[in-house]
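Reading through the structure tokens given below for one structure.
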Amino acid sequence: MVGQGQVVQIDGRRLRVTNLDKIVYPSTGTTKGEIIAYYTAIAPLLLPLLDGRPVTRKRWVEGVGTTDAPGDAFFTKQLEPGAPEWIPRQPIEHSDGPKEYPLVEDVPTLVWLAQVAAIELHVPQWRFAPDGLPGRPDRLVLDLDPGPGVGLAQCAEVARIARRILTGMGLDPFPVTSGSKGIHLYAALPGEQTSAEISAVVKELARLIENDHPDLATSVMAKAERGGKVFLDWSQNNGKKTTISPYSLRGRAQPWVAAPRTWEELDDPQLAQLDLDQVLARAAAGQDPLVALRPMADAAPLAPPAAATATPSRRSARRPLSTPVASAGPTTAATLAPMLAENGTPAIARTLSDPSWVEVKWDGIRAIGTWADGRMLLHARRGTDITARYPELTADGAPFLPVSDAVVDGEIVAFDAQSRPSFSLLQNRMHLTRPREIEREVVRTPIVYMLFDLLRLDGHDLTGLPLRERRTLLEDVVAGLDAPVQVPPVFDDVDAALAASREFGLEGVVAKDPSSRYRPGQRSPSWLKLKHTRMQEAVIVGIRPGKGGRESTLGSLLLAVPEESAGRRALRYVGRVGTGFTDRILRDLLDRLEPLRVPKAPLDGVPAPDASDALWVRPELVGEVEFANWTPDGVLRHARWRGLRPDKTPEEIVVDS
């Protein structure tokens, strides 16, 4: 009952909790007991982010109130009188004397803070040094604060712009929907520069974005300048300022959380803040997008963004092959995963450089090639050794590179009779292991190794060099070699390249920042995929259960389209889709599909691997997917979920031609 208290023991600490039934969030009925339960459950993800930092609290003693009548709140720095002696504390000198801040290192401290209505936990970007004084920041933050008339979608657009710049500076930013209105971007730092120096760099970053995108963003603090724009608040990197900690609750009308997100989630046009239940569900599924946000002891100091975003002439002087170009390093195919591109748009691609750097997107198999001891070894994207499958590249008599060693990146491509890349033809060779079968297919299905990057040369690691320099060296290395090794051309016009690739039936193009360094195993906004996707409506006929992080929900949807066959209309299976879902969409689909469950498949012809663990549903719900093209046997390739089409019935589906 309200007002009654009890003594609890948590991790060996005894503390008194009261009023567990007290409603703190009237709009949702969320109680103090539920807040304590949240902080207890989220502690494994929250405590590492608080560790070593002084925590400023924002308290709502009488509850947060409602949107129309918000509750009274106040900030507190000094640890409250009567706080348990076992809570560690550290003084910070202020103009009116020292204040002792709590250090939140364990679950009992979190529970005590929730007990005294300290709902929001704010921290600086630095940790205490061993001498007890404020240390140097080990992370930066950029607060994307939407002005009047601006929503999360525009914040996400600005976040992607900031990400490209930060990535070019050698940082890996992480987005957090703030639990209030906007988005915070964090990036780990080596802790070698002062707060003032980091503030100056982030301020320059904000000004750079404002100058390039004045219609989207502003770095001016005056509220009169923020209408219709995202305010880029760089000032929170000041050593005396704090930011809401990721995973902290917010004192809004809803129990929203400063929730770490993935970059894929920011692409969702329905992006929204997450509440405590949603965040707990993600944590229970093993999702922690901030797992890598930790001090970077071995990283280089942060440089201003101007150097990282400069776009000099694409053609630089050719460097002699004998010149040392970088420090030697252990870059080999066995340890190197290829750098990946993000999905993009022509408008964003044009901002990467002027003129643009555009390559054909080859519909083949990504392959890292290691040249050593006069022989080429090939490894697929996930590290599988595929050397024996392509003897025209790897056997005796294959193209000989005129260098001692090298690591290259490219795509193995098969071409059809019209000289167009054909993934279907390439499948004839992808999984072959028997020498006789491989020998036969070498003649029947010839391939070309399209090289677009050079990662190592004569003992030197090139991944830190700009792309334009790596490409120049690559062209020197393969100059004069005959097919099946080629370095395809680079185009300088995004729109023209897209139009030409569409005309020739190609998959699309890849736009790259010519100043970008190579980031093994990372998906970088410095490289953008622009694909000619198509749309198709389809009816859901089954569910495949999720695994791993999706164990409690669905893994993919089985899809079909109506088709006339033998004088009657029937359903034809067109494959499955397992990407493009947010957590909210997954929950909604499960709720809608559960009442439609049936004991057997509503159609014939579902391949055994897809049908083996399927849960079947009545074919009533219509959805839409985007996809690259149809396979020869009529299955959607590279399908991605776009959403339900409640305005359509299965009978109204028209098959894309």
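How things are named: the first chain in the structure tokens is A, the next is B, and so on; residues count from 1 in each chain; ligands count from 1 in the order shown.
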Let's see if you can do this: from backbone DSSP, list all strand (DSSP E or B) residues in segment 346-508 of chain A, as an NGL selection string.
:A and (358-360 or 365-372 or 375-380 or 385 or 405-415 or 421 or 447-457 or 460-461 or 485-486 or 491 or 508)
Hey, what's within 12 Å of segment 81-84 of chain A if we count only C-alpha atoms and toss same-chain stuff fewer than 4 positions away? As a PDB file with all heavy atoms, in the first residue's frame, please?
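Dumped to around-v2.pdb:
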```
ATOM      1  N   ARG A  13      23.703  -4.954   0.403  1.00  0.00           N
ATOM      2  CA  ARG A  13      23.396  -3.655   0.986  1.00  0.00           C
ATOM      3  C   ARG A  13      21.940  -3.644   1.452  1.00  0.00           C
ATOM      4  O   ARG A  13      21.043  -4.099   0.729  1.00  0.00           O
ATOM      5  CB  ARG A  13      23.611  -2.534  -0.038  1.00  0.00           C
ATOM      6  CG  ARG A  13      25.011  -2.459  -0.617  1.00  0.00           C
ATOM      7  CD  ARG A  13      26.045  -2.074   0.410  1.00  0.00           C
ATOM      8  NE  ARG A  13      27.340  -1.787  -0.196  1.00  0.00           N
ATOM      9  CZ  ARG A  13      28.428  -1.507   0.489  1.00  0.00           C
ATOM     10  NH1 ARG A  13      28.388  -1.487   1.813  1.00  0.00           N
ATOM     11  NH2 ARG A  13      29.566  -1.257  -0.132  1.00  0.00           N
ATOM     12  N   ARG A  14      21.720  -3.099   2.651  1.00  0.00           N
ATOM     13  CA  ARG A  14      20.365  -2.964   3.177  1.00  0.00           C
ATOM     14  C   ARG A  14      19.896  -1.522   2.977  1.00  0.00           C
ATOM     15  O   ARG A  14      20.609  -0.576   3.297  1.00  0.00           O
ATOM     16  CB  ARG A  14      20.335  -3.314   4.671  1.00  0.00           C
ATOM     17  CG  ARG A  14      20.542  -4.785   4.957  1.00  0.00           C
ATOM     18  CD  ARG A  14      20.723  -5.037   6.442  1.00  0.00           C
ATOM     19  NE  ARG A  14      19.562  -4.597   7.205  1.00  0.00           N
ATOM     20  CZ  ARG A  14      18.481  -5.340   7.423  1.00  0.00           C
ATOM     21  NH1 ARG A  14      18.402  -6.559   6.893  1.00  0.00           N
ATOM     22  NH2 ARG A  14      17.485  -4.891   8.154  1.00  0.00           N
ATOM     23  N   LEU A  15      18.693  -1.362   2.421  1.00  0.00           N
ATOM     24  CA  LEU A  15      18.129  -0.027   2.270  1.00  0.00           C
ATOM     25  C   LEU A  15      16.612  -0.098   2.350  1.00  0.00           C
ATOM     26  O   LEU A  15      15.998  -1.122   2.050  1.00  0.00           O
ATOM     27  CB  LEU A  15      18.588   0.639   0.972  1.00  0.00           C
ATOM     28  CG  LEU A  15      18.166   0.040  -0.374  1.00  0.00           C
ATOM     29  CD1 LEU A  15      18.218   1.104  -1.445  1.00  0.00           C
ATOM     30  CD2 LEU A  15      19.111  -1.091  -0.781  1.00  0.00           C
ATOM     31  N   ARG A  16      16.036   1.011   2.751  1.00  0.00           N
ATOM     32  CA  ARG A  16      14.598   1.089   2.930  1.00  0.00           C
ATOM     33  C   ARG A  16      13.961   1.725   1.700  1.00  0.00           C
ATOM     34  O   ARG A  16      14.395   2.785   1.243  1.00  0.00           O
ATOM     35  CB  ARG A  16      14.269   1.929   4.169  1.00  0.00           C
ATOM     36  CG  ARG A  16      12.784   2.016   4.486  1.00  0.00           C
ATOM     37  CD  ARG A  16      12.563   2.809   5.764  1.00  0.00           C
ATOM     38  NE  ARG A  16      11.148   2.960   6.051  1.00  0.00           N
ATOM     39  CZ  ARG A  16      10.400   2.021   6.625  1.00  0.00           C
ATOM     40  NH1 ARG A  16      10.945   0.860   6.974  1.00  0.00           N
ATOM     41  NH2 ARG A  16       9.122   2.227   6.868  1.00  0.00           N
ATOM     42  N   THR A  76      20.052  18.391  -8.662  1.00  0.00           N
ATOM     43  CA  THR A  76      20.877  18.349  -7.461  1.00  0.00           C
ATOM     44  C   THR A  76      22.229  17.747  -7.793  1.00  0.00           C
ATOM     45  O   THR A  76      22.326  16.726  -8.477  1.00  0.00           O
ATOM     46  CB  THR A  76      20.178  17.549  -6.346  1.00  0.00           C
ATOM     47  OG1 THR A  76      21.023  17.511  -5.203  1.00  0.00           O
ATOM     48  CG2 THR A  76      19.873  16.123  -6.781  1.00  0.00           C
ATOM     49  N   LYS A  77      23.274  18.435  -7.326  1.00  0.00           N
ATOM     50  CA  LYS A  77      24.647  17.982  -7.529  1.00  0.00           C
ATOM     51  C   LYS A  77      25.180  17.334  -6.247  1.00  0.00           C
ATOM     52  O   LYS A  77      25.679  16.221  -6.265  1.00  0.00           O
ATOM     53  CB  LYS A  77      25.534  19.159  -7.947  1.00  0.00           C
ATOM     54  CG  LYS A  77      25.082  19.867  -9.224  1.00  0.00           C
ATOM     55  CD  LYS A  77      25.937  21.088  -9.508  1.00  0.00           C
ATOM     56  CE  LYS A  77      25.436  21.859 -10.718  1.00  0.00           C
ATOM     57  NZ  LYS A  77      25.589  21.113 -11.971  1.00  0.00           N
ATOM     58  N   PRO A  88      29.819   5.670  -2.743  1.00  0.00           N
ATOM     59  CA  PRO A  88      31.060   6.434  -2.925  1.00  0.00           C
ATOM     60  C   PRO A  88      30.758   7.836  -3.444  1.00  0.00           C
ATOM     61  O   PRO A  88      29.758   8.066  -4.128  1.00  0.00           O
ATOM     62  CB  PRO A  88      31.847   5.611  -3.947  1.00  0.00           C
ATOM     63  CG  PRO A  88      30.832   4.796  -4.656  1.00  0.00           C
ATOM     64  CD  PRO A  88      29.723   4.536  -3.668  1.00  0.00           C
ATOM     65  N   ARG A  89      31.620   8.770  -3.118  1.00  0.00           N
ATOM     66  CA  ARG A  89      31.401  10.169  -3.501  1.00  0.00           C
ATOM     67  C   ARG A  89      32.743  10.829  -3.779  1.00  0.00           C
ATOM     68  O   ARG A  89      33.787  10.388  -3.295  1.00  0.00           O
ATOM     69  CB  ARG A  89      30.636  10.891  -2.396  1.00  0.00           C
ATOM     70  CG  ARG A  89      31.309  10.834  -1.037  1.00  0.00           C
ATOM     71  CD  ARG A  89      30.308  10.930   0.082  1.00  0.00           C
ATOM     72  NE  ARG A  89      29.548   9.685   0.245  1.00  0.00           N
ATOM     73  CZ  ARG A  89      28.478   9.559   1.030  1.00  0.00           C
ATOM     74  NH1 ARG A  89      28.027  10.600   1.695  1.00  0.00           N
ATOM     75  NH2 ARG A  89      27.850   8.399   1.127  1.00  0.00           N
ATOM     76  N   GLU A 100      30.005  17.379  -3.029  1.00  0.00           N
ATOM     77  CA  GLU A 100      30.270  15.951  -3.150  1.00  0.00           C
ATOM     78  C   GLU A 100      29.234  15.299  -4.064  1.00  0.00           C
ATOM     79  O   GLU A 100      28.036  15.336  -3.776  1.00  0.00           O
ATOM     80  CB  GLU A 100      30.261  15.288  -1.770  1.00  0.00           C
ATOM     81  CG  GLU A 100      31.501  15.559  -0.955  1.00  0.00           C
ATOM     82  CD  GLU A 100      31.615  14.605   0.216  1.00  0.00           C
ATOM     83  OE1 GLU A 100      30.563  14.196   0.758  1.00  0.00           O
ATOM     84  OE2 GLU A 100      32.755  14.254   0.575  1.00  0.00           O
ATOM     85  N   TYR A 101      29.713  14.716  -5.150  1.00  0.00           N
ATOM     86  CA  TYR A 101      28.846  14.039  -6.113  1.00  0.00           C
ATOM     87  C   TYR A 101      28.873  12.538  -5.853  1.00  0.00           C
ATOM     88  O   TYR A 101      29.924  11.982  -5.516  1.00  0.00           O
ATOM     89  CB  TYR A 101      29.332  14.282  -7.544  1.00  0.00           C
ATOM     90  CG  TYR A 101      29.117  15.670  -8.074  1.00  0.00           C
ATOM     91  CD1 TYR A 101      29.890  16.740  -7.629  1.00  0.00           C
ATOM     92  CD2 TYR A 101      28.155  15.920  -9.051  1.00  0.00           C
ATOM     93  CE1 TYR A 101      29.705  18.009  -8.136  1.00  0.00           C
ATOM     94  CE2 TYR A 101      27.967  17.188  -9.569  1.00  0.00           C
ATOM     95  CZ  TYR A 101      28.745  18.230  -9.109  1.00  0.00           C
ATOM     96  OH  TYR A 101      28.557  19.492  -9.603  1.00  0.00           O
ATOM     97  N   PRO A 102      27.746  11.874  -6.036  1.00  0.00           N
ATOM     98  CA  PRO A 102      27.771  10.413  -5.919  1.00  0.00           C
ATOM     99  C   PRO A 102      28.431   9.774  -7.134  1.00  0.00           C
ATOM    100  O   PRO A 102      28.326  10.274  -8.262  1.00  0.00           O
ATOM    101  CB  PRO A 102      26.289  10.046  -5.847  1.00  0.00           C
ATOM    102  CG  PRO A 102      25.598  11.135  -6.605  1.00  0.00           C
ATOM    103  CD  PRO A 102      26.398  12.383  -6.347  1.00  0.00           C
ATOM    104  N   PRO A 108      22.665  -1.301  -5.816  1.00  0.00           N
ATOM    105  CA  PRO A 108      22.073  -0.651  -4.647  1.00  0.00           C
ATOM    106  C   PRO A 108      22.040   0.870  -4.750  1.00  0.00           C
ATOM    107  O   PRO A 108      21.062   1.502  -4.331  1.00  0.00           O
ATOM    108  CB  PRO A 108      22.975  -1.126  -3.497  1.00  0.00           C
ATOM    109  CG  PRO A 108      23.489  -2.446  -3.946  1.00  0.00           C
ATOM    110  CD  PRO A 108      23.706  -2.280  -5.427  1.00  0.00           C
ATOM    111  N   THR A 109      23.089   1.481  -5.324  1.00  0.00           N
ATOM    112  CA  THR A 109      23.090   2.938  -5.482  1.00  0.00           C
ATOM    113  C   THR A 109      22.006   3.372  -6.460  1.00  0.00           C
ATOM    114  O   THR A 109      21.313   4.370  -6.236  1.00  0.00           O
ATOM    115  CB  THR A 109      24.466   3.424  -5.952  1.00  0.00           C
ATOM    116  OG1 THR A 109      25.467   2.957  -5.050  1.00  0.00           O
ATOM    117  CG2 THR A 109      24.508   4.941  -6.008  1.00  0.00           C
ATOM    118  N   VAL A 111      19.182   1.847  -7.024  1.00  0.00           N
ATOM    119  CA  VAL A 111      17.898   1.686  -6.342  1.00  0.00           C
ATOM    120  C   VAL A 111      17.671   2.834  -5.360  1.00  0.00           C
ATOM    121  O   VAL A 111      16.561   3.384  -5.276  1.00  0.00           O
ATOM    122  CB  VAL A 111      17.837   0.329  -5.626  1.00  0.00           C
ATOM    123  CG1 VAL A 111      16.590   0.228  -4.750  1.00  0.00           C
ATOM    124  CG2 VAL A 111      17.858  -0.808  -6.653  1.00  0.00           C
ATOM    125  N   TRP A 112      18.721   3.221  -4.617  1.00  0.00           N
ATOM    126  CA  TRP A 112      18.548   4.324  -3.670  1.00  0.00           C
ATOM    127  C   TRP A 112      18.191   5.621  -4.395  1.00  0.00           C
ATOM    128  O   TRP A 112      17.334   6.382  -3.947  1.00  0.00           O
ATOM    129  CB  TRP A 112      19.827   4.519  -2.840  1.00  0.00           C
ATOM    130  CG  TRP A 112      19.628   5.584  -1.791  1.00  0.00           C
ATOM    131  CD1 TRP A 112      19.052   5.440  -0.571  1.00  0.00           C
ATOM    132  CD2 TRP A 112      19.983   6.957  -1.922  1.00  0.00           C
ATOM    133  NE1 TRP A 112      19.014   6.644   0.080  1.00  0.00           N
ATOM    134  CE2 TRP A 112      19.582   7.597  -0.728  1.00  0.00           C
ATOM    135  CE3 TRP A 112      20.587   7.712  -2.920  1.00  0.00           C
ATOM    136  CZ2 TRP A 112      19.773   8.959  -0.505  1.00  0.00           C
ATOM    137  CZ3 TRP A 112      20.786   9.066  -2.714  1.00  0.00           C
ATOM    138  CH2 TRP A 112      20.381   9.680  -1.522  1.00  0.00           C
ATOM    139  N   LEU A 113      18.834   5.887  -5.536  1.00  0.00           N
ATOM    140  CA  LEU A 113      18.513   7.095  -6.302  1.00  0.00           C
ATOM    141  C   LEU A 113      17.062   7.069  -6.782  1.00  0.00           C
ATOM    142  O   LEU A 113      16.361   8.087  -6.735  1.00  0.00           O
ATOM    143  CB  LEU A 113      19.466   7.228  -7.491  1.00  0.00           C
ATOM    144  CG  LEU A 113      20.926   7.553  -7.150  1.00  0.00           C
ATOM    145  CD1 LEU A 113      21.776   7.522  -8.418  1.00  0.00           C
ATOM    146  CD2 LEU A 113      21.041   8.912  -6.476  1.00  0.00           C
ATOM    147  N   GLN A 115      14.650   5.509  -5.323  1.00  0.00           N
ATOM    148  CA  GLN A 115      13.826   5.667  -4.124  1.00  0.00           C
ATOM    149  C   GLN A 115      13.614   7.149  -3.783  1.00  0.00           C
ATOM    150  O   GLN A 115      12.548   7.540  -3.322  1.00  0.00           O
ATOM    151  CB  GLN A 115      14.473   4.919  -2.955  1.00  0.00           C
ATOM    152  CG  GLN A 115      14.030   5.344  -1.569  1.00  0.00           C
ATOM    153  CD  GLN A 115      12.546   5.099  -1.320  1.00  0.00           C
ATOM    154  OE1 GLN A 115      11.938   4.240  -1.944  1.00  0.00           O
ATOM    155  NE2 GLN A 115      11.976   5.887  -0.414  1.00  0.00           N
ATOM    156  N   VAL A 116      14.627   7.997  -4.007  1.00  0.00           N
ATOM    157  CA  VAL A 116      14.487   9.425  -3.697  1.00  0.00           C
ATOM    158  C   VAL A 116      14.036  10.214  -4.920  1.00  0.00           C
ATOM    159  O   VAL A 116      14.196  11.428  -4.969  1.00  0.00           O
ATOM    160  CB  VAL A 116      15.805   9.998  -3.123  1.00  0.00           C
ATOM    161  CG1 VAL A 116      16.178   9.292  -1.840  1.00  0.00           C
ATOM    162  CG2 VAL A 116      16.940   9.929  -4.140  1.00  0.00           C
TER     163      VAL A 116
END
```
Write out as a ChimeraX atom specification each polymer residue whose atoms come within 6 Å of segment 435-448 of chain A, counting only C-alpha atoms; drop sequence neighbours fewer than 3 positions from it.
/A:412-414,484-485
Could you take the residues named above and write them with all heavy atoms, as a tab-separated table (two decimals), in the first residue's frame?
```
chain	number	residue	atom	x	y	z
A	412	ILE	N	33.98	-10.86	-57.65
A	412	ILE	CA	34.05	-11.89	-58.68
A	412	ILE	C	32.70	-11.89	-59.40
A	412	ILE	O	31.65	-12.06	-58.77
A	412	ILE	CB	34.36	-13.26	-58.08
A	412	ILE	CG1	35.76	-13.25	-57.44
A	412	ILE	CG2	34.28	-14.35	-59.15
A	412	ILE	CD1	36.12	-14.52	-56.72
A	413	VAL	N	32.74	-11.72	-60.73
A	413	VAL	CA	31.52	-11.50	-61.49
A	413	VAL	C	31.47	-12.45	-62.67
A	413	VAL	O	32.48	-12.72	-63.33
A	413	VAL	CB	31.46	-10.03	-62.01
A	413	VAL	CG1	30.14	-9.77	-62.73
A	413	VAL	CG2	31.65	-9.04	-60.86
A	414	ALA	N	30.28	-12.98	-62.94
A	414	ALA	CA	30.01	-13.75	-64.16
A	414	ALA	C	29.10	-12.92	-65.06
A	414	ALA	O	28.21	-12.21	-64.56
A	414	ALA	CB	29.35	-15.08	-63.83
A	484	PRO	N	41.39	-12.50	-66.54
A	484	PRO	CA	40.16	-12.10	-65.86
A	484	PRO	C	40.32	-11.16	-64.67
A	484	PRO	O	39.57	-11.24	-63.71
A	484	PRO	CB	39.60	-13.44	-65.39
A	484	PRO	CG	40.82	-14.23	-65.08
A	484	PRO	CD	41.87	-13.81	-66.06
A	485	VAL	N	41.29	-10.25	-64.70
A	485	VAL	CA	41.43	-9.25	-63.65
A	485	VAL	C	41.31	-7.87	-64.29
A	485	VAL	O	42.03	-7.57	-65.24
A	485	VAL	CB	42.78	-9.38	-62.91
A	485	VAL	CG1	42.94	-8.26	-61.89
A	485	VAL	CG2	42.89	-10.73	-62.23
```
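With only C-alpha atoms as the atoms that count, the residue of A:Ala196, A:Ala118, A:Val291, A:Val622 with the shortest distance to Gly643 of chain A is A:Val622.
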What's around Ile653 of chain A at 8 Å? Count only C-alpha atoms, leave out sequence neighbours fewer than 2 positions away in its own chain, and write the answer as a list in words.
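Near Ile653 of chain A, the qualifying residues are Glu537, Ala538, Val561, Pro562, Lys648, Thr649, Pro650, Glu651 and Val655 of chain A.
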Can you write just those residues out, N, CA and C atoms, as a tab-separated table (two decimals), in the first residue's frame?
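As written to disk, again.tsv reads:
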```
chain	number	residue	atom	x	y	z
A	537	GLU	N	3.97	-5.98	-53.97
A	537	GLU	CA	3.02	-6.36	-52.93
A	537	GLU	C	2.93	-7.88	-52.89
A	538	ALA	N	2.76	-8.42	-51.71
A	538	ALA	CA	2.67	-9.87	-51.54
A	538	ALA	C	1.84	-10.18	-50.31
A	561	VAL	N	2.33	-14.54	-54.11
A	561	VAL	CA	1.54	-13.65	-54.97
A	561	VAL	C	0.51	-14.51	-55.71
A	562	PRO	N	-0.63	-13.93	-56.07
A	562	PRO	CA	-1.63	-14.70	-56.83
A	562	PRO	C	-1.18	-14.89	-58.28
A	648	LYS	N	-5.09	-2.95	-49.42
A	648	LYS	CA	-5.09	-3.93	-50.50
A	648	LYS	C	-5.52	-5.30	-49.98
A	649	THR	N	-6.19	-6.06	-50.85
A	649	THR	CA	-6.52	-7.45	-50.57
A	649	THR	C	-5.63	-8.33	-51.43
A	650	PRO	N	-5.49	-9.60	-51.10
A	650	PRO	CA	-4.66	-10.48	-51.93
A	650	PRO	C	-5.09	-10.51	-53.39
A	651	GLU	N	-6.39	-10.38	-53.61
A	651	GLU	CA	-6.89	-10.42	-55.00
A	651	GLU	C	-6.44	-9.22	-55.81
A	655	VAL	N	1.56	-8.47	-60.00
A	655	VAL	CA	2.95	-8.91	-59.97
A	655	VAL	C	3.79	-8.00	-60.84
```
Pick from A:Ile198, A:Cys155, A:Val123, A:Leu603: nearest to Thr218 of chain A, with only C-alpha atoms counted?
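Ranking A:Ile198, A:Cys155, A:Val123, A:Leu603 by distance to Thr218 of chain A, first place goes to A:Cys155.
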Which polymer residues have any atom within 10 Å of an atom of Gln278 of chain A, counting only C-alpha atoms, with same-chain residues fewer than 4 positions away left out, as a list in words?
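Counting only C-alpha atoms, the residues come to Trp256, Val257, Ala259, Gln273, Leu274, Arg282, Ala283, Ala284, Asp583 and Arg584 of chain A.
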Could you write those residues out with all heavy atoms, as a short mmCIF file (atom, residue, chain, number, x, y, z; two decimals), in the first residue's frame?
```cif
data_model
loop_
_atom_site.label_atom_id
_atom_site.label_comp_id
_atom_site.auth_asym_id
_atom_site.auth_seq_id
_atom_site.Cartn_x
_atom_site.Cartn_y
_atom_site.Cartn_z
N TRP A 256 9.76 7.57 -21.14
CA TRP A 256 10.73 7.37 -22.20
C TRP A 256 12.14 7.25 -21.62
O TRP A 256 12.42 7.69 -20.50
CB TRP A 256 10.68 8.52 -23.20
CG TRP A 256 9.46 8.50 -24.07
CD1 TRP A 256 8.70 7.43 -24.39
CD2 TRP A 256 8.86 9.62 -24.73
NE1 TRP A 256 7.67 7.78 -25.22
CE2 TRP A 256 7.74 9.14 -25.44
CE3 TRP A 256 9.16 10.98 -24.79
CZ2 TRP A 256 6.93 9.97 -26.20
CZ3 TRP A 256 8.35 11.82 -25.55
CH2 TRP A 256 7.24 11.30 -26.25
N VAL A 257 13.01 6.68 -22.43
CA VAL A 257 14.39 6.41 -22.03
C VAL A 257 15.33 7.02 -23.06
O VAL A 257 15.01 7.05 -24.26
CB VAL A 257 14.63 4.89 -21.92
CG1 VAL A 257 16.10 4.57 -21.65
CG2 VAL A 257 13.75 4.28 -20.85
N ALA A 259 17.57 6.17 -25.25
CA ALA A 259 17.73 4.79 -25.73
C ALA A 259 18.77 4.68 -26.85
O ALA A 259 18.60 5.29 -27.91
CB ALA A 259 16.40 4.25 -26.23
N GLN A 273 10.62 7.77 -29.99
CA GLN A 273 11.29 7.52 -28.72
C GLN A 273 10.84 6.17 -28.18
O GLN A 273 9.75 5.69 -28.50
CB GLN A 273 10.97 8.63 -27.72
CG GLN A 273 11.32 10.03 -28.20
CD GLN A 273 12.81 10.30 -28.25
OE1 GLN A 273 13.62 9.56 -27.68
NE2 GLN A 273 13.19 11.37 -28.94
N LEU A 274 11.66 5.55 -27.33
CA LEU A 274 11.34 4.26 -26.74
C LEU A 274 11.05 4.43 -25.25
O LEU A 274 11.67 5.26 -24.58
CB LEU A 274 12.50 3.28 -26.92
CG LEU A 274 12.91 2.95 -28.36
CD1 LEU A 274 14.06 1.94 -28.35
CD2 LEU A 274 11.75 2.41 -29.16
N ARG A 282 14.54 -4.98 -25.45
CA ARG A 282 15.73 -5.01 -26.30
C ARG A 282 16.93 -5.56 -25.52
O ARG A 282 17.72 -6.35 -26.04
CB ARG A 282 16.03 -3.60 -26.82
CG ARG A 282 14.99 -3.08 -27.79
CD ARG A 282 14.97 -1.56 -27.83
NE ARG A 282 16.20 -0.99 -28.34
CZ ARG A 282 16.42 -0.68 -29.63
NH1 ARG A 282 15.46 -0.90 -30.52
NH2 ARG A 282 17.55 -0.13 -30.02
N ALA A 283 17.07 -5.11 -24.27
CA ALA A 283 18.17 -5.60 -23.46
C ALA A 283 18.07 -7.10 -23.22
O ALA A 283 19.06 -7.83 -23.28
CB ALA A 283 18.21 -4.86 -22.12
N ALA A 284 16.84 -7.58 -22.98
CA ALA A 284 16.64 -9.01 -22.75
C ALA A 284 16.99 -9.82 -23.99
O ALA A 284 17.39 -10.98 -23.89
CB ALA A 284 15.19 -9.26 -22.33
N ASP A 583 11.52 -3.07 -33.94
CA ASP A 583 10.93 -3.86 -32.85
C ASP A 583 9.42 -3.67 -32.80
O ASP A 583 8.66 -4.61 -32.57
CB ASP A 583 11.54 -3.47 -31.52
CG ASP A 583 12.99 -3.91 -31.41
OD1 ASP A 583 13.40 -4.77 -32.21
OD2 ASP A 583 13.69 -3.40 -30.54
N ARG A 584 8.98 -2.44 -33.01
CA ARG A 584 7.55 -2.15 -32.95
C ARG A 584 6.80 -2.86 -34.08
O ARG A 584 5.71 -3.42 -33.87
CB ARG A 584 7.32 -0.64 -33.05
CG ARG A 584 5.87 -0.23 -32.92
CD ARG A 584 5.74 1.27 -32.95
NE ARG A 584 6.28 1.80 -34.19
CZ ARG A 584 6.44 3.11 -34.42
NH1 ARG A 584 6.15 3.97 -33.49
NH2 ARG A 584 6.92 3.53 -35.57
#
```
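Near Glu342 of chain A, within 12 Å and counting only C-alpha atoms, sit Arg160, Arg163, Arg164, Trp263, Glu264, Asp267, Ile348, Ala349, Val509, Val510, Ala511, Lys512, Gln522, Arg523, Ser524, Pro525, Ser526, Trp527, Leu528, Lys529, Leu530 and Lys531 of chain A; same-chain residues fewer than 6 positions away were not included.
For the pair atom CA of Asp633 of chain A and atom CA of Pro607 of chain A, the interatomic distance is 11.9 Å.
Here the question is which of A:Arg640, A:Arg226, A:Arg576, A:Arg502 gets nearest to Asp610 of chain A using only C-alpha atoms, and that residue is A:Arg576.
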DSSP on the backbone, then: every residue of segment 124-370 of chain A marked helix (DSSP H, G or I), written as number ranges by chain.
A: 152-168, 195-212, 223-225, 235-237, 263-266, 276-284, 305-309, 346-349
Selected residue, from A:Asp106, A:Asp131, A:Glu624, A:Asp212, that lies nearest to Pro91 of chain A when counting only C-alpha atoms:
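Smallest distance to Pro91 of chain A is found for A:Asp131.
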Exercise: Phe452 of chain A partners within 10 Å, only C-alpha atoms, chain neighbours under 3 positions left out, as JSON, numbers by chain
{"A": [359, 408, 409, 410, 411, 449, 467, 470, 471, 474, 475, 486, 487, 488, 489, 490]}
Between A:Thr394, A:Ser556, A:Ser199, A:Thr384, which is the closest to Gly580 of chain A once you count only C-alpha atoms?
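Nearest to Gly580 of chain A: A:Ser556.
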